[in-house]
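Asks: Would you mind keeping the following structure in view while I ask a few things?
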Amino acid sequence: MNSAVQPITTPTTNPAQAPEMGELTPYHTGPALTQATLAPQGVALEWQDGQQTTLPLLWLRDHCACQACRHPQTRERLYLPLEAISEPPSVTLLDGHLHLNWQDGHVSAFHSGWLYQRRPEASLTSAVPSNTPWDDNFAPERIRHSVFLTPQGEKAWLTAMLRDGLALLTDGPLAEEEVSRLAERIGPLRATNFGARFDVRSKPNPNNAAYTAVGLPLHIDLPNWRQPPDIQLLYCLQNEASGGESLFADGARVVEALRKQDPAALAILSETPIDFRFQDESHDISMRAPVITLDSEGNLVEMRLNNWIRDALHLPVEQMDAWYSAYALLWKLFHSEAHQLEFSLRPGQMIAFDNRRVLHGRREFDPNSGARHLQGTYLDRDMLASRLRVLARNV
């Protein structure tokens, strides 16, 4: 490879003969290229703002966006890079964009903004925020229903949900299925054995504690599933009963508290799988997993704390006392005033939370003192992130 090729700063190709650049997305932003030079490691590039990078030849060939390498409708990759590139292409800049003529006759064209966004030196910015553990003064984002129906309001709600794991919608209509209509703006409803949309109220012959009037300690829903639902939405239609205050606690915050107080207990709960199981006349759904799942850096991935459907503890006898001790400490941390958030849902309000991070519960209520009716559904977190990325293009 000749590394002494001079920088190319003017077009050497007739624009009428230039290859199409390939519409990877219509959202490329960035300065135009001013130099493109063959270098030992690939093609060295420089943009108008002075940013520089070098991209390997195989990377460039792999990312060709022409209609032979990408499906013309779906833009999915068709080319598979199986062989090393022995001969470098000729390099051209045309209107500030990169064009490569490969030795086999193939021509690749790259939008300068697309390359700028994907250069290795670029910071990996994303419209989707990282999880932020609650602090002592945390309060959920409150967004009016009418504001949520605007792109700016929906973006604010999605940002709060993905960052905090909890957001409150207010001043909504008292309409059946409104929770479904709101959820479907974002993505399809996640169905479970309780259906795609469910009613939370006291009823005879319940198959779940949520359908009674008893108090519900903090928990996540459906830890007995291989993939518990990500996001839960609860829309309040009636709440005249005395009691029934909603409770929430941030798993990310409590895990950090447990790490500081007793790292050995955190290790036990994050490394010891236990069984969760739900059974009724129609279903028998079980899963074995730790109460806490952490990533390689020790950050919370998911909680599976639900004392009702925790199955018989199948552990070696010599491990049981240590597990119960760690579990009791986690339970006390979650249910301490320092980590609990409590408020009453009012008709027309919708609370949404990350079911695999934020535990929820409620105080006991008196069903004889008034009606209490919530409608709920689940969404996949991927759909929230997808919707936020789409909105971020234009808002």
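We name chains A, B, ... following the order of the structure tokens; residues begin at 1 in each chain, and ligands are numbered from 1 as shown.
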Mind checking which residues fall within 8 Å of Leu269 (chain A), counting only C-alpha atoms, ignoring those fewer than 6 positions away in the same chain, and posting them as a count of residues only?
Replies: 6
Asks: Would you give me, as a list in words, the residues in region 261-346 of chain A that DSSP reads as alpha helix (DSSP H)?
Replies: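 Alpha helix (DSSP H) members of region 261-346 of chain A, listed: Gln261, Pro263, Ala264, Ala265, Leu266, Ala267, Ile268, Leu269, Ser270, Glu271, Val317, Glu318, Gln319, Met320, Asp321, Ala322, Trp323, Tyr324, Ser325, Ala326, Tyr327, Ala328, Leu329, Leu330, Trp331, Lys332, Leu333 and Phe334 of chain A.
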Asks: Deliver the residues from the most recent selection as a file, using N, CA, C and O atoms, as a tab-separated table (two decimals), in the first residue's frame.
Replies:
chain	number	residue	atom	x	y	z
A	261	GLN	N	-23.21	-1.23	52.86
A	261	GLN	CA	-23.46	-1.77	54.19
A	261	GLN	C	-22.95	-3.21	54.34
A	261	GLN	O	-22.40	-3.57	55.38
A	263	PRO	N	-21.30	-5.79	51.49
A	263	PRO	CA	-20.98	-6.30	50.14
A	263	PRO	C	-21.10	-7.80	50.03
A	263	PRO	O	-21.40	-8.32	48.95
A	264	ALA	N	-20.87	-8.52	51.12
A	264	ALA	CA	-21.02	-9.97	51.07
A	264	ALA	C	-22.47	-10.36	50.83
A	264	ALA	O	-22.77	-11.33	50.10
A	265	ALA	N	-23.41	-9.62	51.42
A	265	ALA	CA	-24.84	-9.89	51.20
A	265	ALA	C	-25.21	-9.62	49.74
A	265	ALA	O	-25.98	-10.38	49.13
A	266	LEU	N	-24.66	-8.56	49.17
A	266	LEU	CA	-24.92	-8.27	47.75
A	266	LEU	C	-24.38	-9.40	46.88
A	266	LEU	O	-25.04	-9.82	45.91
A	267	ALA	N	-23.21	-9.92	47.20
A	267	ALA	CA	-22.64	-11.02	46.43
A	267	ALA	C	-23.54	-12.25	46.49
A	267	ALA	O	-23.78	-12.92	45.48
A	268	ILE	N	-24.06	-12.55	47.67
A	268	ILE	CA	-24.93	-13.72	47.81
A	268	ILE	C	-26.19	-13.56	46.96
A	268	ILE	O	-26.58	-14.47	46.22
A	269	LEU	N	-26.83	-12.41	47.06
A	269	LEU	CA	-28.10	-12.21	46.36
A	269	LEU	C	-27.93	-12.07	44.85
A	269	LEU	O	-28.88	-12.30	44.09
A	270	SER	N	-26.75	-11.66	44.40
A	270	SER	CA	-26.52	-11.50	42.97
A	270	SER	C	-25.88	-12.72	42.32
A	270	SER	O	-25.83	-12.80	41.09
A	271	GLU	N	-25.42	-13.66	43.14
A	271	GLU	CA	-24.74	-14.85	42.59
A	271	GLU	C	-25.48	-16.15	42.87
A	271	GLU	O	-25.07	-17.20	42.38
A	317	VAL	N	-28.02	-26.88	52.22
A	317	VAL	CA	-28.37	-26.50	53.59
A	317	VAL	C	-27.37	-25.52	54.17
A	317	VAL	O	-27.75	-24.54	54.85
A	318	GLU	N	-26.10	-25.70	53.89
A	318	GLU	CA	-25.08	-24.84	54.47
A	318	GLU	C	-25.12	-23.41	53.91
A	318	GLU	O	-24.49	-22.51	54.46
A	319	GLN	N	-25.87	-23.17	52.83
A	319	GLN	CA	-25.98	-21.82	52.25
A	319	GLN	C	-27.24	-21.09	52.69
A	319	GLN	O	-27.35	-19.88	52.49
A	320	MET	N	-28.19	-21.80	53.28
A	320	MET	CA	-29.51	-21.21	53.50
A	320	MET	C	-29.50	-20.06	54.51
A	320	MET	O	-30.10	-19.01	54.27
A	321	ASP	N	-28.82	-20.23	55.63
A	321	ASP	CA	-28.83	-19.18	56.65
A	321	ASP	C	-28.24	-17.88	56.11
A	321	ASP	O	-28.78	-16.79	56.36
A	322	ALA	N	-27.14	-17.99	55.36
A	322	ALA	CA	-26.51	-16.79	54.81
A	322	ALA	C	-27.43	-16.13	53.79
A	322	ALA	O	-27.52	-14.89	53.74
A	323	TRP	N	-28.14	-16.93	52.97
A	323	TRP	CA	-29.06	-16.35	51.99
A	323	TRP	C	-30.20	-15.62	52.68
A	323	TRP	O	-30.54	-14.48	52.32
A	324	TYR	N	-30.80	-16.27	53.69
A	324	TYR	CA	-31.92	-15.64	54.40
A	324	TYR	C	-31.47	-14.34	55.08
A	324	TYR	O	-32.21	-13.35	55.11
A	325	SER	N	-30.27	-14.32	55.62
A	325	SER	CA	-29.76	-13.12	56.27
A	325	SER	C	-29.59	-11.99	55.27
A	325	SER	O	-29.97	-10.83	55.53
A	326	ALA	N	-29.03	-12.30	54.09
A	326	ALA	CA	-28.85	-11.28	53.06
A	326	ALA	C	-30.21	-10.79	52.55
A	326	ALA	O	-30.41	-9.58	52.33
A	327	TYR	N	-31.14	-11.69	52.37
A	327	TYR	CA	-32.48	-11.35	51.88
A	327	TYR	C	-33.20	-10.44	52.88
A	327	TYR	O	-33.85	-9.45	52.49
A	328	ALA	N	-33.07	-10.74	54.16
A	328	ALA	CA	-33.71	-9.92	55.19
A	328	ALA	C	-33.14	-8.50	55.19
A	328	ALA	O	-33.88	-7.52	55.35
A	329	LEU	N	-31.83	-8.37	55.00
A	329	LEU	CA	-31.23	-7.05	54.97
A	329	LEU	C	-31.72	-6.25	53.77
A	329	LEU	O	-32.05	-5.06	53.89
A	330	LEU	N	-31.79	-6.90	52.59
A	330	LEU	CA	-32.29	-6.21	51.41
A	330	LEU	C	-33.73	-5.76	51.62
A	330	LEU	O	-34.11	-4.63	51.28
A	331	TRP	N	-34.54	-6.63	52.21
A	331	TRP	CA	-35.95	-6.30	52.47
A	331	TRP	C	-36.06	-5.07	53.38
A	331	TRP	O	-36.85	-4.16	53.12
A	332	LYS	N	-35.26	-5.05	54.44
A	332	LYS	CA	-35.31	-3.91	55.37
A	332	LYS	C	-34.86	-2.62	54.70
A	332	LYS	O	-35.43	-1.55	54.97
A	333	LEU	N	-33.86	-2.69	53.85
A	333	LEU	CA	-33.41	-1.49	53.14
A	333	LEU	C	-34.51	-0.96	52.23
A	333	LEU	O	-34.79	0.25	52.20
A	334	PHE	N	-35.15	-1.84	51.48
A	334	PHE	CA	-36.21	-1.40	50.58
A	334	PHE	C	-37.38	-0.78	51.34
A	334	PHE	O	-37.99	0.19	50.88
Asks: So the first atom is CA of Ala127 (chain A) and the second is CA of Arg389 (chain A); what is the distance between them in Å, to one decimal place?
Replies: 5.7 Å
Asks: Per DSSP on the backbone, what are the strand (DSSP E) residues of region 155-266 of chain A, as number ranges by chain?
Replies: A: 166-170, 197-200, 216-219, 231-239, 242-243, 246-250
Asks: At most 9 Å is the cut-off: for each residue in region 219-271 of chain A with any atom that close to an atom of region 362-369 of chain A, write down the nearest atom pair and the distance in Å rounded to one decimal, counting only C-alpha atoms, chain first then increasing number, as a Markdown table.
Replies:
| residue | atom | partner | partner_atom | distance |
| --- | --- | --- | --- | --- |
| A:Glu240 | CA | A:Ser369 | CA | 7.1 |
| A:Ala241 | CA | A:Ser369 | CA | 4.9 |
| A:Ser242 | CA | A:Phe365 | CA | 5.6 |
| A:Gly243 | CA | A:Phe365 | CA | 4.2 |
| A:Gly244 | CA | A:Arg363 | CA | 4.5 |
| A:Glu245 | CA | A:Arg363 | CA | 5.2 |
| A:Ser246 | CA | A:Arg362 | CA | 4.4 |
| A:Leu247 | CA | A:Arg362 | CA | 5.2 |
| A:Phe248 | CA | A:Arg362 | CA | 8.5 |
Asks: Could you pull the residues within 6 Å of Asp171 (chain A), counting only C-alpha atoms, minus those fewer than 3 positions along the same chain, as a ChimeraX atom specification?
Replies: /A:144-145,348
Asks: May I have the residues within 6 Å of region 273-289 of chain A as a ChimeraX atom specification, using only C-alpha atoms and disregarding those fewer than 4 positions away in the same chain?
Replies: /A:224-226,309-311
Asks: Each residue of region 246-348 of chain A with at least one atom at most 8 Å from region 213-220 of chain A should appear once, together with its nearest atom pair and the corresponding distance in Å (one decimal); atoms considered: only C-alpha atoms; ordering: chain, then increasing residue number; output as CSV.
Replies:
residue,atom,partner,partner_atom,distance
A:Leu247,CA,A:Leu218,CA,7.1
A:Phe248,CA,A:Leu218,CA,7.0
A:Ala249,CA,A:Leu218,CA,7.6
A:Met303,CA,A:Ile220,CA,7.3
A:Arg304,CA,A:Ile220,CA,6.3
A:Leu305,CA,A:His219,CA,5.3
A:Asn306,CA,A:His219,CA,4.7
A:Asn307,CA,A:His219,CA,7.4
A:Phe334,CA,A:Leu218,CA,7.4
A:His335,CA,A:Leu218,CA,7.4
Asks: What does the distance between CA of His360 (chain A) and CA of His373 (chain A) come to in Å, to one decimal place?
Replies: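 So the two atoms, CA of His360 (chain A) and CA of His373 (chain A), lie 16.7 Å apart.
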Asks: In terms of the shortest atom-to-atom distance over only C-alpha atoms, which of A:Thr212, A:Ser202, A:Ser112, A:Thr272 is closest to His314 (chain A)?
Replies: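 Checking each of A:Thr212, A:Ser202, A:Ser112, A:Thr272 against His314 (chain A), counting only C-alpha atoms, the winner is A:Thr272.
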